[in-house]
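Chemist: Contents of my_file-v9.txt (compact mmCIF, N, CA and C atoms and all ligand atoms):
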# COMPACT_ATOMS: atom_id res chain seq x y z
N MET A 453 35.87 7.45 -23.59
CA MET A 453 37.28 7.14 -23.80
C MET A 453 37.87 6.58 -22.51
N GLU A 454 38.62 5.47 -22.65
CA GLU A 454 39.17 4.81 -21.47
C GLU A 454 40.49 5.42 -21.06
N LYS A 455 40.66 5.61 -19.79
CA LYS A 455 41.89 6.16 -19.25
C LYS A 455 42.78 5.02 -18.81
N SER A 456 44.06 5.14 -19.05
CA SER A 456 44.98 4.11 -18.59
C SER A 456 45.57 4.52 -17.27
N CYS A 457 45.65 3.55 -16.36
CA CYS A 457 46.22 3.84 -15.06
C CYS A 457 47.37 2.88 -14.78
N ALA A 458 47.84 2.22 -15.81
CA ALA A 458 48.86 1.19 -15.64
C ALA A 458 50.10 1.69 -14.92
N ALA A 459 50.42 2.94 -15.08
CA ALA A 459 51.63 3.46 -14.44
C ALA A 459 51.48 3.63 -12.94
N THR A 460 50.25 3.82 -12.46
CA THR A 460 50.05 4.12 -11.03
C THR A 460 49.25 3.05 -10.30
N CYS A 461 48.84 2.03 -11.00
CA CYS A 461 47.91 1.07 -10.41
C CYS A 461 48.45 -0.33 -10.58
N ASP A 462 48.29 -1.20 -9.58
CA ASP A 462 48.75 -2.57 -9.71
C ASP A 462 47.62 -3.55 -9.98
N SER A 463 46.43 -3.04 -10.27
CA SER A 463 45.30 -3.89 -10.60
C SER A 463 45.48 -4.51 -11.98
N SER A 464 45.02 -5.76 -12.15
CA SER A 464 45.08 -6.37 -13.47
C SER A 464 43.94 -5.84 -14.35
N ASN A 465 42.92 -5.28 -13.73
CA ASN A 465 41.81 -4.69 -14.49
C ASN A 465 41.94 -3.17 -14.40
N HIS A 466 42.36 -2.56 -15.49
CA HIS A 466 42.56 -1.11 -15.49
C HIS A 466 41.36 -0.36 -16.04
N ASN A 467 40.24 -1.00 -16.02
CA ASN A 467 39.03 -0.38 -16.56
C ASN A 467 38.29 0.39 -15.46
N HIS A 468 38.95 1.35 -14.84
CA HIS A 468 38.40 2.08 -13.70
C HIS A 468 37.25 2.99 -14.07
N ASN A 469 37.25 3.49 -15.32
CA ASN A 469 36.11 4.33 -15.72
C ASN A 469 34.82 3.52 -15.65
N GLU A 470 34.87 2.27 -16.11
CA GLU A 470 33.69 1.40 -16.05
C GLU A 470 33.28 1.19 -14.60
N LEU A 471 34.26 0.93 -13.74
CA LEU A 471 33.95 0.71 -12.33
C LEU A 471 33.36 1.97 -11.71
N SER A 472 33.89 3.12 -12.08
CA SER A 472 33.37 4.37 -11.53
C SER A 472 31.92 4.57 -11.92
N ARG A 473 31.60 4.29 -13.19
CA ARG A 473 30.21 4.44 -13.62
C ARG A 473 29.30 3.48 -12.87
N LYS A 474 29.80 2.21 -12.73
CA LYS A 474 28.99 1.24 -12.00
C LYS A 474 28.77 1.69 -10.56
N ALA A 475 29.83 2.20 -9.95
CA ALA A 475 29.71 2.67 -8.57
C ALA A 475 28.74 3.85 -8.50
N LEU A 476 28.82 4.73 -9.49
CA LEU A 476 27.92 5.88 -9.52
C LEU A 476 26.47 5.44 -9.64
N PHE A 477 26.20 4.49 -10.56
CA PHE A 477 24.82 4.03 -10.73
C PHE A 477 24.33 3.27 -9.50
N ALA A 478 25.23 2.49 -8.88
CA ALA A 478 24.83 1.77 -7.67
C ALA A 478 24.47 2.77 -6.57
N GLY A 479 25.26 3.82 -6.44
CA GLY A 479 24.96 4.84 -5.44
C GLY A 479 23.66 5.53 -5.73
N LEU A 480 23.44 5.84 -7.01
CA LEU A 480 22.21 6.51 -7.42
C LEU A 480 21.00 5.62 -7.12
N ALA A 481 21.13 4.33 -7.42
CA ALA A 481 20.04 3.40 -7.16
C ALA A 481 19.73 3.36 -5.67
N THR A 482 20.78 3.39 -4.85
CA THR A 482 20.57 3.37 -3.40
C THR A 482 19.80 4.61 -2.96
N VAL A 483 20.19 5.75 -3.50
CA VAL A 483 19.50 7.01 -3.15
C VAL A 483 18.05 6.95 -3.60
N LEU A 484 17.81 6.51 -4.85
CA LEU A 484 16.44 6.45 -5.36
C LEU A 484 15.60 5.48 -4.55
N THR A 485 16.20 4.36 -4.18
CA THR A 485 15.47 3.38 -3.37
C THR A 485 15.09 4.02 -2.04
N GLY A 486 16.05 4.75 -1.47
CA GLY A 486 15.77 5.43 -0.22
C GLY A 486 14.63 6.41 -0.35
N ILE A 487 14.64 7.18 -1.41
CA ILE A 487 13.56 8.15 -1.66
C ILE A 487 12.25 7.41 -1.88
N GLY A 488 12.33 6.33 -2.65
CA GLY A 488 11.12 5.54 -2.91
C GLY A 488 10.53 4.99 -1.63
N LEU A 489 11.38 4.49 -0.76
CA LEU A 489 10.89 3.94 0.50
C LEU A 489 10.31 5.04 1.37
N SER A 490 10.93 6.21 1.35
CA SER A 490 10.39 7.32 2.14
C SER A 490 9.00 7.69 1.64
N ALA A 491 8.86 7.79 0.31
CA ALA A 491 7.57 8.14 -0.27
C ALA A 491 6.54 7.06 0.07
N LEU A 492 6.95 5.81 0.00
CA LEU A 492 6.05 4.70 0.31
C LEU A 492 5.63 4.77 1.77
N GLY A 493 6.59 5.08 2.64
CA GLY A 493 6.27 5.20 4.06
C GLY A 493 5.24 6.30 4.32
N ALA A 494 5.43 7.45 3.67
CA ALA A 494 4.50 8.57 3.84
C ALA A 494 3.12 8.18 3.33
N THR A 495 3.08 7.49 2.18
CA THR A 495 1.81 7.07 1.61
C THR A 495 1.10 6.11 2.55
N ALA A 496 1.85 5.18 3.12
CA ALA A 496 1.26 4.22 4.04
C ALA A 496 0.70 4.93 5.27
N ALA A 497 1.42 5.95 5.76
CA ALA A 497 0.97 6.68 6.94
C ALA A 497 -0.32 7.43 6.66
N GLU A 498 -0.51 7.88 5.40
CA GLU A 498 -1.69 8.65 5.04
C GLU A 498 -2.82 7.76 4.52
N ALA A 499 -2.57 6.48 4.39
CA ALA A 499 -3.56 5.58 3.81
C ALA A 499 -4.80 5.52 4.69
N ALA A 500 -5.94 5.51 4.02
CA ALA A 500 -7.21 5.44 4.74
C ALA A 500 -7.47 4.00 5.18
N THR A 501 -8.23 3.89 6.26
CA THR A 501 -8.61 2.59 6.78
C THR A 501 -10.12 2.48 6.78
N LYS A 502 -10.61 1.33 6.38
CA LYS A 502 -12.04 1.09 6.34
C LYS A 502 -12.45 0.32 7.60
N TYR A 503 -13.38 0.90 8.35
CA TYR A 503 -13.82 0.31 9.61
C TYR A 503 -15.26 -0.19 9.50
N LYS A 504 -15.51 -1.36 10.05
CA LYS A 504 -16.88 -1.86 10.19
C LYS A 504 -17.44 -1.17 11.44
N VAL A 505 -18.50 -0.36 11.28
CA VAL A 505 -18.92 0.50 12.38
C VAL A 505 -20.17 -0.01 13.11
N ALA A 506 -21.24 -0.26 12.38
CA ALA A 506 -22.50 -0.59 13.06
C ALA A 506 -23.48 -1.25 12.11
N LEU A 507 -24.45 -1.91 12.69
CA LEU A 507 -25.57 -2.39 11.89
C LEU A 507 -26.30 -1.18 11.31
N ALA A 508 -26.68 -1.25 10.07
CA ALA A 508 -27.39 -0.14 9.43
C ALA A 508 -28.67 0.19 10.18
N SER A 509 -29.28 -0.82 10.79
CA SER A 509 -30.53 -0.61 11.52
C SER A 509 -30.36 0.30 12.74
N LYS A 510 -29.12 0.53 13.16
CA LYS A 510 -28.87 1.43 14.30
C LYS A 510 -28.97 2.90 13.90
N ILE A 511 -29.07 3.16 12.58
CA ILE A 511 -29.13 4.55 12.09
C ILE A 511 -30.43 4.68 11.29
N PRO A 512 -31.54 4.99 11.97
CA PRO A 512 -32.82 5.08 11.27
C PRO A 512 -32.84 6.17 10.20
N VAL A 513 -33.71 5.99 9.21
CA VAL A 513 -33.88 7.02 8.17
C VAL A 513 -34.26 8.33 8.85
N GLY A 514 -33.61 9.41 8.42
CA GLY A 514 -33.91 10.73 8.99
C GLY A 514 -33.21 11.00 10.30
N SER A 515 -32.12 10.26 10.56
CA SER A 515 -31.42 10.51 11.82
C SER A 515 -29.91 10.53 11.61
N ALA A 516 -29.22 10.94 12.67
CA ALA A 516 -27.75 10.93 12.70
C ALA A 516 -27.33 10.31 14.02
N LYS A 517 -26.34 9.43 13.97
CA LYS A 517 -25.86 8.78 15.19
C LYS A 517 -24.35 8.94 15.27
N VAL A 518 -23.87 9.09 16.49
CA VAL A 518 -22.43 9.26 16.72
C VAL A 518 -21.79 7.92 17.05
N PHE A 519 -20.63 7.67 16.44
CA PHE A 519 -19.84 6.47 16.72
C PHE A 519 -18.38 6.88 16.84
N THR A 520 -17.63 6.11 17.59
CA THR A 520 -16.18 6.31 17.64
C THR A 520 -15.58 5.36 16.61
N VAL A 521 -14.89 5.94 15.65
CA VAL A 521 -14.32 5.16 14.54
C VAL A 521 -12.84 5.48 14.43
N GLY A 522 -12.01 4.49 14.64
CA GLY A 522 -10.57 4.72 14.58
C GLY A 522 -10.13 5.82 15.54
N GLY A 523 -10.77 5.91 16.68
CA GLY A 523 -10.42 6.92 17.69
C GLY A 523 -11.02 8.29 17.43
N LYS A 524 -11.81 8.43 16.36
CA LYS A 524 -12.42 9.72 16.04
C LYS A 524 -13.92 9.66 16.23
N SER A 525 -14.50 10.79 16.61
CA SER A 525 -15.94 10.88 16.76
C SER A 525 -16.55 11.15 15.38
N VAL A 526 -17.40 10.22 14.94
CA VAL A 526 -17.95 10.28 13.59
C VAL A 526 -19.48 10.25 13.65
N LEU A 527 -20.08 11.10 12.85
CA LEU A 527 -21.53 11.18 12.77
C LEU A 527 -21.95 10.47 11.48
N ILE A 528 -22.82 9.48 11.61
CA ILE A 528 -23.34 8.80 10.41
C ILE A 528 -24.80 9.17 10.27
N THR A 529 -25.15 9.60 9.07
CA THR A 529 -26.54 9.99 8.80
C THR A 529 -27.15 9.03 7.79
N GLN A 530 -28.48 8.97 7.83
CA GLN A 530 -29.24 8.29 6.78
C GLN A 530 -30.35 9.28 6.34
N PRO A 531 -30.00 10.23 5.49
CA PRO A 531 -30.97 11.24 5.10
C PRO A 531 -32.14 10.69 4.27
N ARG A 532 -31.86 9.65 3.50
CA ARG A 532 -32.93 8.98 2.73
C ARG A 532 -32.72 7.47 2.89
N ALA A 533 -33.76 6.71 2.69
CA ALA A 533 -33.67 5.27 2.88
C ALA A 533 -32.52 4.68 2.05
N GLY A 534 -31.60 4.02 2.71
CA GLY A 534 -30.49 3.35 2.03
C GLY A 534 -29.31 4.24 1.70
N VAL A 535 -29.40 5.55 2.01
CA VAL A 535 -28.29 6.48 1.73
C VAL A 535 -27.61 6.81 3.06
N PHE A 536 -26.36 6.41 3.18
CA PHE A 536 -25.62 6.66 4.41
C PHE A 536 -24.45 7.60 4.12
N ARG A 537 -24.26 8.54 5.03
CA ARG A 537 -23.17 9.51 4.91
C ARG A 537 -22.45 9.58 6.25
N ALA A 538 -21.16 9.93 6.20
CA ALA A 538 -20.38 10.05 7.43
C ALA A 538 -19.63 11.37 7.44
N PHE A 539 -19.61 11.99 8.63
CA PHE A 539 -18.94 13.29 8.81
C PHE A 539 -18.19 13.28 10.14
N LYS A 540 -17.20 14.13 10.20
CA LYS A 540 -16.55 14.38 11.48
C LYS A 540 -17.59 15.02 12.38
N ASN A 541 -17.71 14.52 13.60
CA ASN A 541 -18.72 15.03 14.53
C ASN A 541 -18.23 16.33 15.17
N GLN A 542 -18.08 17.34 14.34
CA GLN A 542 -17.57 18.62 14.84
C GLN A 542 -18.08 19.76 13.96
N CYS A 543 -18.80 20.65 14.57
CA CYS A 543 -19.30 21.83 13.86
C CYS A 543 -18.11 22.66 13.39
N THR A 544 -18.22 23.20 12.20
CA THR A 544 -17.11 23.98 11.65
C THR A 544 -17.15 25.44 12.11
N HIS A 545 -18.14 25.80 12.94
CA HIS A 545 -18.17 27.17 13.46
C HIS A 545 -17.16 27.30 14.59
N GLN A 546 -17.44 26.67 15.72
CA GLN A 546 -16.51 26.76 16.85
C GLN A 546 -16.16 25.39 17.41
N GLY A 547 -16.44 24.34 16.63
CA GLY A 547 -15.96 23.01 17.00
C GLY A 547 -16.83 22.20 17.92
N ALA A 548 -18.04 22.63 18.21
CA ALA A 548 -18.90 21.84 19.09
C ALA A 548 -19.28 20.52 18.42
N PRO A 549 -19.45 19.46 19.22
CA PRO A 549 -19.93 18.22 18.61
C PRO A 549 -21.39 18.39 18.20
N LEU A 550 -21.74 17.83 17.04
CA LEU A 550 -23.12 17.95 16.57
C LEU A 550 -24.03 16.97 17.30
N GLY A 551 -23.51 15.79 17.58
CA GLY A 551 -24.25 14.82 18.37
C GLY A 551 -25.33 14.07 17.58
N SER A 552 -25.78 12.98 18.19
CA SER A 552 -26.87 12.20 17.60
C SER A 552 -28.12 13.06 17.60
N GLN A 553 -28.89 12.96 16.55
CA GLN A 553 -30.09 13.80 16.44
C GLN A 553 -31.01 13.30 15.34
N LYS A 554 -32.25 13.79 15.40
CA LYS A 554 -33.18 13.59 14.28
C LYS A 554 -32.89 14.70 13.30
N LEU A 555 -32.87 14.38 12.01
CA LEU A 555 -32.62 15.41 11.00
C LEU A 555 -33.85 16.30 10.89
N LEU A 556 -33.58 17.60 10.68
CA LEU A 556 -34.66 18.56 10.54
C LEU A 556 -34.75 18.94 9.06
N ASN A 557 -35.71 18.34 8.36
CA ASN A 557 -35.83 18.54 6.91
C ASN A 557 -34.51 18.25 6.19
N GLY A 558 -33.87 17.14 6.55
CA GLY A 558 -32.63 16.73 5.90
C GLY A 558 -31.40 17.48 6.37
N LYS A 559 -31.54 18.22 7.48
CA LYS A 559 -30.41 19.03 7.96
C LYS A 559 -29.96 18.58 9.35
N LEU A 560 -28.65 18.71 9.56
CA LEU A 560 -28.06 18.56 10.88
C LEU A 560 -28.03 19.95 11.50
N VAL A 561 -28.36 20.03 12.78
CA VAL A 561 -28.38 21.33 13.45
C VAL A 561 -27.39 21.30 14.62
N CYS A 562 -26.57 22.35 14.70
CA CYS A 562 -25.65 22.48 15.82
C CYS A 562 -26.38 23.20 16.95
N ASN A 563 -26.40 22.59 18.12
CA ASN A 563 -27.12 23.17 19.25
C ASN A 563 -26.42 24.39 19.86
N GLN A 564 -25.15 24.59 19.54
CA GLN A 564 -24.43 25.72 20.14
C GLN A 564 -24.96 27.07 19.66
N HIS A 565 -24.90 27.28 18.35
CA HIS A 565 -25.30 28.60 17.83
C HIS A 565 -26.24 28.46 16.63
N GLY A 566 -26.72 27.26 16.36
CA GLY A 566 -27.75 27.07 15.36
C GLY A 566 -27.33 26.87 13.91
N ALA A 567 -26.04 26.61 13.66
CA ALA A 567 -25.63 26.34 12.28
C ALA A 567 -26.36 25.10 11.76
N ASN A 568 -26.67 25.10 10.47
CA ASN A 568 -27.35 23.97 9.82
C ASN A 568 -26.46 23.44 8.71
N PHE A 569 -26.45 22.12 8.58
CA PHE A 569 -25.66 21.47 7.54
C PHE A 569 -26.52 20.47 6.81
N ASN A 570 -26.33 20.35 5.51
CA ASN A 570 -27.01 19.34 4.71
C ASN A 570 -26.51 17.97 5.15
N ALA A 571 -27.42 17.09 5.55
CA ALA A 571 -27.03 15.78 6.08
C ALA A 571 -26.61 14.80 4.98
N SER A 572 -26.75 15.21 3.71
CA SER A 572 -26.30 14.36 2.60
C SER A 572 -24.89 14.68 2.17
N ASN A 573 -24.54 16.00 2.19
CA ASN A 573 -23.20 16.35 1.68
C ASN A 573 -22.38 17.23 2.64
N GLY A 574 -22.96 17.57 3.77
CA GLY A 574 -22.23 18.34 4.77
C GLY A 574 -22.13 19.83 4.50
N ALA A 575 -22.75 20.31 3.43
CA ALA A 575 -22.68 21.74 3.08
C ALA A 575 -23.41 22.59 4.11
N VAL A 576 -22.92 23.79 4.32
CA VAL A 576 -23.58 24.73 5.23
C VAL A 576 -24.89 25.17 4.59
N VAL A 577 -25.97 25.07 5.35
CA VAL A 577 -27.28 25.51 4.88
C VAL A 577 -27.64 26.81 5.59
N GLY A 578 -27.16 26.94 6.83
CA GLY A 578 -27.41 28.16 7.59
C GLY A 578 -26.29 28.42 8.57
N GLY A 579 -25.90 29.66 8.71
CA GLY A 579 -24.79 30.07 9.57
C GLY A 579 -25.12 29.95 11.04
N PRO A 580 -24.15 30.29 11.85
CA PRO A 580 -22.95 31.06 11.55
C PRO A 580 -21.78 30.29 10.94
N ALA A 581 -21.85 28.98 10.83
CA ALA A 581 -20.73 28.24 10.21
C ALA A 581 -20.57 28.69 8.75
N GLN A 582 -19.36 28.68 8.27
CA GLN A 582 -19.06 29.09 6.89
C GLN A 582 -18.50 27.95 6.05
N THR A 583 -18.08 26.87 6.72
CA THR A 583 -17.37 25.78 6.05
C THR A 583 -18.13 24.47 6.19
N SER A 584 -18.13 23.68 5.13
CA SER A 584 -18.79 22.37 5.14
C SER A 584 -18.17 21.45 6.18
N LEU A 585 -18.95 20.46 6.60
CA LEU A 585 -18.43 19.45 7.52
C LEU A 585 -17.37 18.61 6.82
N THR A 586 -16.46 18.08 7.59
CA THR A 586 -15.45 17.16 7.06
C THR A 586 -16.14 15.84 6.76
N LYS A 587 -16.00 15.38 5.51
CA LYS A 587 -16.69 14.16 5.08
C LYS A 587 -15.77 12.94 5.13
N TYR A 588 -16.38 11.81 5.43
CA TYR A 588 -15.71 10.51 5.30
C TYR A 588 -16.58 9.67 4.36
N THR A 589 -16.02 8.57 3.91
CA THR A 589 -16.78 7.68 3.03
C THR A 589 -17.54 6.65 3.86
N ALA A 590 -18.85 6.60 3.66
CA ALA A 590 -19.68 5.60 4.34
C ALA A 590 -20.23 4.66 3.27
N THR A 591 -20.16 3.37 3.52
CA THR A 591 -20.70 2.38 2.58
C THR A 591 -21.48 1.33 3.37
N LYS A 592 -22.44 0.76 2.72
CA LYS A 592 -23.21 -0.33 3.33
C LYS A 592 -22.86 -1.61 2.61
N SER A 593 -22.55 -2.62 3.38
CA SER A 593 -22.26 -3.93 2.81
C SER A 593 -22.95 -4.95 3.69
N GLY A 594 -23.86 -5.70 3.11
CA GLY A 594 -24.68 -6.60 3.93
C GLY A 594 -25.53 -5.75 4.85
N ASN A 595 -25.51 -6.08 6.13
CA ASN A 595 -26.30 -5.31 7.10
C ASN A 595 -25.49 -4.24 7.80
N TYR A 596 -24.23 -4.07 7.41
CA TYR A 596 -23.34 -3.18 8.16
C TYR A 596 -22.94 -1.92 7.38
N ILE A 597 -22.66 -0.89 8.17
CA ILE A 597 -22.14 0.36 7.64
C ILE A 597 -20.64 0.38 7.91
N TYR A 598 -19.88 0.71 6.89
CA TYR A 598 -18.43 0.83 6.99
C TYR A 598 -18.07 2.29 6.75
N VAL A 599 -17.08 2.76 7.47
CA VAL A 599 -16.60 4.13 7.28
C VAL A 599 -15.11 4.07 7.01
N THR A 600 -14.70 4.80 5.99
CA THR A 600 -13.28 4.88 5.63
C THR A 600 -12.75 6.23 6.09
N ILE A 601 -11.73 6.16 6.91
CA ILE A 601 -11.11 7.39 7.45
C ILE A 601 -9.65 7.43 7.06
S1 LIG A 701 -20.26 25.78 17.29
FE1 LIG A 701 -21.83 25.10 15.98
S2 LIG A 701 -22.92 26.88 15.46
FE2 LIG A 701 -21.34 27.59 16.73
Would you mind writing the structure in this file as structure tokens?
Modeler:
Amino acid sequence: MEKSCAATCDSSNHNHNELSRKALFAGLATVLTGIGLSALGATAAEAATKYKVALASKIPVGSAKVFTVGGKSVLITQPRAGVFRAFKNQCTHQGAPLGSQKLLNGKLVCNQHGANFNASNGAVVGGPAQTSLTKYTATKSGNYIYVTI
């Protein structure tokens, strides 16, 4: 229902209810856009980046090599021919770096206290560590290994 304001208003357009609704929706749109941009900003900040790391030939079958990727120390393994995996180069027991190494029956071994991790999926195989290694995505394209962090 339209309200008349002719007695108190000198506007030729007395359709203020319509204007109020338009103003309300415009304000709401501004707020939603702001929220949308904030969410987009957070998503962009958390977005993963794919890095070209090394020639695949630098990571022989049955070994793990350390690389700095996007400022992080990353361990890339090749537990089986053509299968590449990437992990944070940090033991989950007390944080020691695992380092480049030859795999021992498909396992990464921490030299600090002897924890063992599956070099294919990062799972704990032997303590004292209780938590799997942090995994990243490793892919091979052409002759290169890419890691997404
Ligand atoms: S820090 Fe690796 S086993 Fe303790």
Chemist: Rank nothing, just name the residue among A:Lys592, A:His545, A:Lys554, A:Lys559 nearest to ligand LIG 701 (chain A), using all atoms listed in the file.
Modeler: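 Of all the options, A:His545 lies closest to ligand LIG 701 (chain A).
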Chemist: Could you list the protein, DNA and RNA residues that have any atom within 6 Å of ligand LIG 701 (chain A), counting all atoms listed in the file, and write them as a CSV table (one decimal) with N, CA and C atoms, in the frame of the given file?
Modeler:
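Result written to out-v5.csv:
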chain,number,residue,atom,x,y,z
A,543,CYS,N,-18.8,20.6,14.6
A,543,CYS,CA,-19.3,21.8,13.9
A,543,CYS,C,-18.1,22.7,13.4
A,544,THR,N,-18.2,23.2,12.2
A,544,THR,CA,-17.1,24.0,11.6
A,544,THR,C,-17.2,25.4,12.1
A,545,HIS,N,-18.1,25.8,12.9
A,545,HIS,CA,-18.2,27.2,13.5
A,545,HIS,C,-17.2,27.3,14.6
A,546,GLN,N,-17.4,26.7,15.7
A,546,GLN,CA,-16.5,26.8,16.8
A,546,GLN,C,-16.2,25.4,17.4
A,547,GLY,N,-16.4,24.3,16.6
A,547,GLY,CA,-16.0,23.0,17.0
A,547,GLY,C,-16.8,22.2,17.9
A,548,ALA,N,-18.0,22.6,18.2
A,548,ALA,CA,-18.9,21.8,19.1
A,548,ALA,C,-19.3,20.5,18.4
A,562,CYS,N,-26.6,22.4,14.7
A,562,CYS,CA,-25.6,22.5,15.8
A,562,CYS,C,-26.4,23.2,17.0
A,563,ASN,N,-26.4,22.6,18.1
A,563,ASN,CA,-27.1,23.2,19.2
A,563,ASN,C,-26.4,24.4,19.9
A,564,GLN,N,-25.2,24.6,19.5
A,564,GLN,CA,-24.4,25.7,20.1
A,564,GLN,C,-25.0,27.1,19.7
A,565,HIS,N,-24.9,27.3,18.4
A,565,HIS,CA,-25.3,28.6,17.8
A,565,HIS,C,-26.2,28.5,16.6
A,566,GLY,N,-26.7,27.3,16.4
A,566,GLY,CA,-27.8,27.1,15.4
A,566,GLY,C,-27.3,26.9,13.9
A,567,ALA,N,-26.0,26.6,13.7
A,567,ALA,CA,-25.6,26.3,12.3
A,567,ALA,C,-26.4,25.1,11.8
A,579,GLY,N,-25.9,29.7,8.7
A,579,GLY,CA,-24.8,30.1,9.6
A,579,GLY,C,-25.1,30.0,11.0
A,580,PRO,N,-24.2,30.3,11.8
A,580,PRO,CA,-23.0,31.1,11.6
A,580,PRO,C,-21.8,30.3,10.9
A,581,ALA,N,-21.8,29.0,10.8
A,581,ALA,CA,-20.7,28.2,10.2
A,581,ALA,C,-20.6,28.7,8.8
Chemist: With distances taken over only C-alpha atoms, which residue among A:Ala508, A:Ala571, A:Ala499, A:Leu560 lies nearest A:Asn595?
Modeler: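 When distances to A:Asn595 are compared using only C-alpha atoms, the smallest one comes from A:Ala508.
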Chemist: Might I get the box with edges along x, y and z of the file that holds all atoms of stretch 539-557 of chain A listed there, padded by 3 Å on every side, given as centre and edge lengths in Å to one decimal, as JSON?
Modeler:
{"center_x": -25.9, "center_y": 19.6, "center_z": 12.7, "size_x": 25.9, "size_y": 21.3, "size_z": 19.0}
Chemist: What does the distance from atom N of A:Lys524 to atom CA of A:Tyr596 come to in Å, to one decimal?
Modeler: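 Separating atom N of A:Lys524 from atom CA of A:Tyr596 is a distance of 18.3 Å.
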Chemist: In Å, with one decimal, what is the gap from atom CA of A:Arg532 to atom CA of A:Gly578?
Modeler: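 Atom CA of A:Arg532 sits 20.5 Å away from atom CA of A:Gly578.
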Chemist: When distances are computed from only C-alpha atoms, which of A:Thr600, A:Ala516, A:Gly522, A:Phe539 shows the smallest separation from A:Leu556?
Modeler: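 Nearest to A:Leu556: A:Ala516.
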Chemist: Would you compute the distance between atom N of A:Lys587 and atom C of A:Ser509? Give it in Å to one decimal.
Modeler: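 Separating atom N of A:Lys587 from atom C of A:Ser509 is a distance of 22.0 Å.
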Chemist: Given the choices A:Val513, A:Thr520, A:Ser572, A:Asn557, which gets closest to A:Gly534 if the distance is worked out from only N, CA and C atoms?
Modeler: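 For A:Gly534, the nearest of the candidates is A:Val513.
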